[in-house]
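Asks: First, the structure itself, so that you have it in front of you.
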Amino acid sequence: MSQTNVIELDIPRILELLAHGTMEVEGLLPYSSNYTLLVSLTYQGLQALAVYKPRRGERPLWDFPRGTLYQREFAAYLVSEALDFDLIPPTVIRNGDFGVGVVQLYIENDPEAHLLTMQREGCYDDVLLQLAAFDHLVNNADRKSGHCLKGVDGRLWSIDHGICFHEEEKLRTVLWDFIGQPFPNPVIEAFQRFQQCLCKEEKVAQLLGELLSIAEMRALERRLAALMASGRYPAPGDGPHIPWPPV
């Protein structure tokens with residue numbers, strides 16, 4: 001079964017494959033700041049490629065707790081799904097040859113495309129509005145242009161969310177095009193649903209509470225409340241607000 005056909009399966013089946021499939025390491029992925037492997041997965045007649053980022057391969061960072069990047073990757077996926085944005089490829093936490101880590105469906109993509117090239121195409125406005133709102137919410141400290149993929153079907157996918165959810169303001173992104181613009185109604189409605197999810201302590205809220213610290217959860221709730229109160233895309237703060245390199 002091709003990777004494209006796997007994408008067409010329902011998400012629960014893909015998540016089963018990622019979580020329970022027999023894993024075989026195919027090799028290291030280049031240009032990654034952390035130890036990142038391409039793996040093949042087989043489960044009940046299904047096959048797919050995935051990206052495996054083990055905890056033990058994470059490069060220590062001075063401003064993020066050590067060994068938590070894989071949890072933040074999964075937390076970002078949960079938030080994207082709770083918002084119904086579907087920005088991030090299906091993602092799970094599981095054990096592999098190098099211990100516990102995050103495993104994410106590999107997306108066949110156009111190697112020449114990234115966020116800025118897709119933006120110039122002019123047909124991704126709606127998803128970019130979602131992406132910008134999402135990055136504000138999760139406090140994404142590393143929204144490089146290359147952290148967006150263009151799938152073979154033309155769909156935009158968002159990857160590499162290991163340094164999100166810091167309790168302090170850390171947002172760095174190349175996507176500052178919407179400053180001062182009101183959030184589209186679908187984004188406002190998504191924020192409202194997510195707020196209800198957190199208030200009612202639904203399953204996703206419980207999972208986020210296990211993945212993030214108490215301070216980080218409170219900061220997430222504050223950011224959500226502030227975004228809903230303003231109703232507009234914020235301007236950058238005083239600190240650095242563009243990642244380096246930007247692509």
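Identifiers in this document derive from the order of the structure tokens: chains are assigned A, B, ..., residues are numbered from 1 separately in each chain, and ligands are numbered from 1 in order of occurrence.
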Please, which residues in stretch 92-185 of chain A fall within 7 Å of stretch 53-57 of chain A when counting only C-alpha atoms, and what is the closest atom pair and distance in Å to one decimal for each, ordered by chain then residue number, as JSON lines?

Replies:
{"residue": "A:Phe98", "atom": "CA", "partner": "A:Pro54", "partner_atom": "CA", "distance": 6.1}
{"residue": "A:Gly99", "atom": "CA", "partner": "A:Pro54", "partner_atom": "CA", "distance": 6.1}
{"residue": "A:Val100", "atom": "CA", "partner": "A:Pro54", "partner_atom": "CA", "distance": 5.7}
{"residue": "A:Gly101", "atom": "CA", "partner": "A:Pro54", "partner_atom": "CA", "distance": 3.9}
{"residue": "A:Val102", "atom": "CA", "partner": "A:Lys53", "partner_atom": "CA", "distance": 5.3}
{"residue": "A:Val103", "atom": "CA", "partner": "A:Lys53", "partner_atom": "CA", "distance": 6.5}

Asks: Just the residues within 10 Å of stretch 68-84 of chain A, please, counting only C-alpha atoms, with nothing from its chain fewer than 6 positions along; format it as a short mmCIF file (atom, residue, chain, number, x, y, z; two decimals) with N, CA and C atoms, in the first residue's frame.

Replies:
data_model
loop_
_atom_site.label_atom_id
_atom_site.label_comp_id
_atom_site.auth_asym_id
_atom_site.auth_seq_id
_atom_site.Cartn_x
_atom_site.Cartn_y
_atom_site.Cartn_z
N ASN A 34 17.78 17.10 16.10
CA ASN A 34 17.73 15.98 17.03
C ASN A 34 17.85 14.67 16.26
N TYR A 52 10.45 8.76 13.48
CA TYR A 52 10.60 8.35 14.89
C TYR A 52 11.65 9.25 15.54
N LYS A 53 11.22 9.97 16.59
CA LYS A 53 12.12 10.85 17.33
C LYS A 53 12.21 10.35 18.77
N PRO A 54 13.23 9.58 19.10
CA PRO A 54 13.34 9.05 20.46
C PRO A 54 13.75 10.12 21.47
N ARG A 55 13.26 9.95 22.67
CA ARG A 55 13.58 10.89 23.75
C ARG A 55 15.09 10.99 23.95
N ARG A 56 15.76 9.86 23.92
CA ARG A 56 17.19 9.87 24.22
C ARG A 56 18.01 10.58 23.14
N GLY A 57 17.41 10.84 21.98
CA GLY A 57 18.11 11.54 20.92
C GLY A 57 17.87 13.04 20.90
N GLU A 58 17.15 13.55 21.90
CA GLU A 58 16.86 14.99 21.93
C GLU A 58 18.08 15.79 22.37
N ARG A 59 18.38 16.84 21.65
CA ARG A 59 19.47 17.73 22.00
C ARG A 59 19.04 18.63 23.16
N PRO A 60 19.82 18.68 24.24
CA PRO A 60 19.42 19.52 25.38
C PRO A 60 19.32 20.99 24.99
N LEU A 61 18.30 21.66 25.52
CA LEU A 61 18.10 23.09 25.29
C LEU A 61 18.11 23.80 26.64
N PRO A 90 -0.80 12.39 11.60
CA PRO A 90 -1.09 11.52 12.75
C PRO A 90 0.17 11.19 13.54
N THR A 91 0.06 11.28 14.86
CA THR A 91 1.22 11.21 15.74
C THR A 91 0.87 10.41 16.99
N VAL A 92 1.82 9.60 17.47
CA VAL A 92 1.63 8.85 18.71
C VAL A 92 2.93 8.88 19.50
N ILE A 93 2.84 8.51 20.77
CA ILE A 93 4.01 8.22 21.59
C ILE A 93 4.08 6.72 21.77
N VAL A 100 11.46 5.19 24.26
CA VAL A 100 10.22 5.93 24.05
C VAL A 100 10.48 7.19 23.23
N GLY A 101 9.51 7.53 22.41
CA GLY A 101 9.63 8.73 21.59
C GLY A 101 8.33 8.99 20.86
N VAL A 102 8.35 9.96 19.99
CA VAL A 102 7.18 10.28 19.19
C VAL A 102 7.34 9.66 17.81
N VAL A 103 6.24 9.12 17.29
CA VAL A 103 6.23 8.53 15.95
C VAL A 103 5.13 9.21 15.15
N GLN A 104 5.51 9.76 14.01
CA GLN A 104 4.59 10.55 13.20
C GLN A 104 4.60 10.03 11.76
N GLN A 130 -5.37 29.46 9.86
CA GLN A 130 -5.45 28.47 10.94
C GLN A 130 -4.08 28.26 11.56
N LEU A 131 -3.08 28.11 10.71
CA LEU A 131 -1.73 27.83 11.20
C LEU A 131 -1.20 28.96 12.07
N PHE A 134 -2.94 28.82 15.37
CA PHE A 134 -2.44 27.65 16.10
C PHE A 134 -1.09 27.95 16.74
N ASP A 135 -0.17 28.55 15.99
CA ASP A 135 1.16 28.85 16.52
C ASP A 135 1.10 29.83 17.68
N LEU A 137 -1.39 30.03 19.77
CA LEU A 137 -1.97 29.29 20.88
C LEU A 137 -0.95 28.38 21.55
N VAL A 138 -0.18 27.64 20.75
CA VAL A 138 0.75 26.67 21.34
C VAL A 138 2.11 27.30 21.63
N ASN A 140 4.57 28.50 19.60
CA ASN A 140 5.57 27.79 18.80
C ASN A 140 6.84 28.62 18.70
N SER A 158 1.94 20.58 8.76
CA SER A 158 2.80 21.26 9.72
C SER A 158 3.56 20.21 10.55
N ILE A 159 4.89 20.38 10.65
CA ILE A 159 5.70 19.42 11.38
C ILE A 159 6.65 20.15 12.33
N ASP A 160 7.35 19.36 13.16
CA ASP A 160 8.40 19.86 14.06
C ASP A 160 7.85 20.83 15.11
N HIS A 161 7.18 20.28 16.11
CA HIS A 161 6.58 21.08 17.17
C HIS A 161 7.18 20.76 18.54
N GLY A 162 8.46 20.39 18.55
CA GLY A 162 9.09 19.99 19.80
C GLY A 162 9.35 21.12 20.78
N ILE A 163 9.38 22.36 20.30
CA ILE A 163 9.63 23.46 21.24
C ILE A 163 8.43 24.42 21.24
N CYS A 164 7.30 23.85 21.60
CA CYS A 164 6.07 24.60 21.83
C CYS A 164 5.70 24.52 23.31
N PHE A 165 4.74 25.33 23.70
CA PHE A 165 4.08 25.26 25.01
C PHE A 165 4.93 25.78 26.17
N HIS A 166 5.99 26.54 25.89
CA HIS A 166 6.73 27.13 27.00
C HIS A 166 5.81 28.07 27.77
N PRO A 186 -14.38 30.50 11.66
CA PRO A 186 -14.02 29.11 11.99
C PRO A 186 -12.93 29.01 13.06
N VAL A 187 -11.99 29.96 13.07
CA VAL A 187 -10.95 29.95 14.10
C VAL A 187 -11.55 30.29 15.46
N ILE A 188 -12.42 31.30 15.50
CA ILE A 188 -13.08 31.66 16.76
C ILE A 188 -13.88 30.49 17.31
N GLU A 189 -14.62 29.83 16.44
CA GLU A 189 -15.41 28.67 16.87
C GLU A 189 -14.52 27.54 17.36
N ALA A 190 -13.38 27.36 16.72
CA ALA A 190 -12.44 26.33 17.16
C ALA A 190 -11.88 26.66 18.54
N PHE A 191 -11.54 27.92 18.77
CA PHE A 191 -11.07 28.34 20.09
C PHE A 191 -12.15 28.09 21.15
N GLN A 192 -13.38 28.40 20.83
CA GLN A 192 -14.47 28.20 21.78
C GLN A 192 -14.63 26.72 22.13
N ARG A 193 -14.56 25.85 21.13
CA ARG A 193 -14.65 24.41 21.39
C ARG A 193 -13.51 23.94 22.27
N PHE A 194 -12.32 24.44 21.98
CA PHE A 194 -11.16 24.01 22.75
C PHE A 194 -11.25 24.51 24.19
N GLN A 195 -11.75 25.72 24.38
CA GLN A 195 -11.93 26.23 25.73
C GLN A 195 -12.91 25.37 26.52
N CYS A 197 -13.47 22.25 25.98
CA CYS A 197 -12.74 21.00 26.21
C CYS A 197 -11.87 21.10 27.46
N VAL A 204 -8.84 14.91 26.01
CA VAL A 204 -7.67 15.59 25.46
C VAL A 204 -7.05 16.53 26.49
N ALA A 205 -7.89 17.18 27.30
CA ALA A 205 -7.37 18.05 28.35
C ALA A 205 -6.60 17.25 29.39
N LEU A 207 -5.03 14.40 28.82
CA LEU A 207 -3.77 14.00 28.19
C LEU A 207 -2.77 15.15 28.17
N LEU A 208 -3.25 16.34 27.84
CA LEU A 208 -2.35 17.50 27.84
C LEU A 208 -1.78 17.74 29.23
N GLY A 209 -2.60 17.53 30.26
CA GLY A 209 -2.13 17.70 31.62
C GLY A 209 -1.05 16.71 32.01
N GLU A 210 -1.02 15.55 31.35
CA GLU A 210 0.03 14.56 31.59
C GLU A 210 1.30 14.87 30.82
N LEU A 211 1.16 15.58 29.71
CA LEU A 211 2.30 15.87 28.84
C LEU A 211 3.00 17.16 29.20
N LEU A 212 2.26 18.13 29.73
CA LEU A 212 2.80 19.45 30.04
C LEU A 212 2.80 19.68 31.53
#

Asks: Using DSSP assignments from the backbone, pull out every residue in stretch 98-230 of chain A that falls under helix (DSSP H, G or I) and give it to me as a ChimeraX atom specification.

Replies: /A:115-121,125-138,145-147,185-199,203-211,214-230

Asks: I need the residues from that last selection saved to file as a compact mmCIF listing (two decimals), in the first residue's frame (with C-alpha atoms), if you can.

Replies:
# COMPACT_ATOMS: atom_id res chain seq x y z
CA LEU A 115 5.55 27.64 3.79
CA LEU A 116 6.76 30.73 1.93
CA THR A 117 6.53 29.11 -1.51
CA MET A 118 3.04 27.84 -0.74
CA GLN A 119 2.07 31.29 0.49
CA ARG A 120 3.10 32.76 -2.85
CA GLU A 121 0.83 30.30 -4.65
CA ASP A 125 -4.96 31.44 2.71
CA ASP A 126 -7.50 29.59 4.86
CA VAL A 127 -5.05 27.02 6.20
CA LEU A 128 -2.40 29.70 6.83
CA LEU A 129 -4.91 31.64 8.91
CA GLN A 130 -5.45 28.47 10.94
CA LEU A 131 -1.73 27.83 11.20
CA ALA A 132 -0.94 31.33 12.43
CA ALA A 133 -3.66 31.10 15.09
CA PHE A 134 -2.44 27.65 16.10
CA ASP A 135 1.16 28.85 16.52
CA HIS A 136 0.02 31.71 18.75
CA LEU A 137 -1.97 29.29 20.88
CA VAL A 138 0.75 26.67 21.34
CA SER A 145 9.20 27.96 6.60
CA GLY A 146 10.65 24.49 6.13
CA HIS A 147 8.48 23.18 8.95
CA ASN A 185 -15.22 32.74 12.34
CA PRO A 186 -14.02 29.11 11.99
CA VAL A 187 -10.95 29.95 14.10
CA ILE A 188 -13.08 31.66 16.76
CA GLU A 189 -15.41 28.67 16.87
CA ALA A 190 -12.44 26.33 17.16
CA PHE A 191 -11.07 28.34 20.09
CA GLN A 192 -14.47 28.20 21.78
CA ARG A 193 -14.65 24.41 21.39
CA PHE A 194 -11.16 24.01 22.75
CA GLN A 195 -11.93 26.23 25.73
CA GLN A 196 -14.95 24.06 26.54
CA CYS A 197 -12.74 21.00 26.21
CA LEU A 198 -10.32 22.41 28.78
CA CYS A 199 -13.05 23.62 31.13
CA LYS A 203 -9.92 13.38 27.56
CA VAL A 204 -7.67 15.59 25.46
CA ALA A 205 -7.37 18.05 28.35
CA GLN A 206 -6.39 15.20 30.66
CA LEU A 207 -3.77 14.00 28.19
CA LEU A 208 -2.35 17.50 27.84
CA GLY A 209 -2.13 17.70 31.62
CA GLU A 210 0.03 14.56 31.59
CA LEU A 211 2.30 15.87 28.84
CA ILE A 214 1.02 22.71 35.51
CA ALA A 215 2.62 26.07 34.68
CA GLU A 216 2.57 25.26 30.96
CA MET A 217 -1.09 24.23 31.08
CA ARG A 218 -2.02 27.45 32.86
CA ALA A 219 -0.06 29.45 30.29
CA LEU A 220 -1.91 27.63 27.49
CA GLU A 221 -5.23 28.55 29.10
CA ARG A 222 -4.12 32.19 29.47
CA ARG A 223 -3.05 32.41 25.84
CA LEU A 224 -6.36 30.95 24.72
CA ALA A 225 -8.32 33.42 26.84
CA ALA A 226 -6.24 36.36 25.57
CA LEU A 227 -6.66 35.36 21.93
CA MET A 228 -10.41 35.00 22.36
CA ALA A 229 -10.67 38.32 24.19
CA SER A 230 -8.77 40.26 21.52

Asks: Tell me, which residues of stretch 56-141 of chain A carry DSSP strand (DSSP E or B), written as a JSON list (two decimals) with C-alpha atoms, in the first residue's frame?

Replies:
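Output file states.json follows:
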[["chain", "number", "residue", "atom", "x", "y", "z"],
["A", 91, "THR", "CA", 1.22, 11.21, 15.74],
["A", 92, "VAL", "CA", 1.63, 8.85, 18.71],
["A", 93, "ILE", "CA", 4.01, 8.22, 21.59],
["A", 94, "ARG", "CA", 5.43, 4.71, 21.71],
["A", 95, "ASN", "CA", 8.56, 2.66, 22.31],
["A", 96, "GLY", "CA", 10.98, 1.85, 19.51],
["A", 99, "GLY", "CA", 13.31, 3.82, 23.60],
["A", 100, "VAL", "CA", 10.22, 5.93, 24.05],
["A", 101, "GLY", "CA", 9.63, 8.73, 21.59],
["A", 102, "VAL", "CA", 7.18, 10.28, 19.19],
["A", 103, "VAL", "CA", 6.23, 8.53, 15.95],
["A", 104, "GLN", "CA", 4.59, 10.55, 13.20],
["A", 105, "LEU", "CA", 3.31, 9.46, 9.80],
["A", 109, "ASN", "CA", 6.19, 15.86, -0.18]]

Asks: As an exercise, work out the distance from atom CA of A:Ala48 to atom CA of A:Leu156 in Å and give it to one decimal place.

Replies: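 If I compute the distance from atom CA of A:Ala48 to atom CA of A:Leu156, I get 19.3 Å.
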
Asks: Considering only C-alpha atoms, state which residue in the set A:Lys144, A:Arg66, A:His20, A:Arg155 is at the smallest distance from A:Leu87.

Replies: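 Closest residue, counting only C-alpha atoms: A:Arg155.
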
Asks: Hey, which of A:Asp110, A:Asp238, A:Asp153, A:Asp97 ends up closest to A:Met23? Count only C-alpha atoms.

Replies: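 With only C-alpha atoms as the atom set, the closest residue is A:Asp97.
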
Asks: Enter the distance from atom CA of A:Thr42 to atom CA of A:Pro111, in Å, rounded to one decimal.

Replies: 25.6 Å
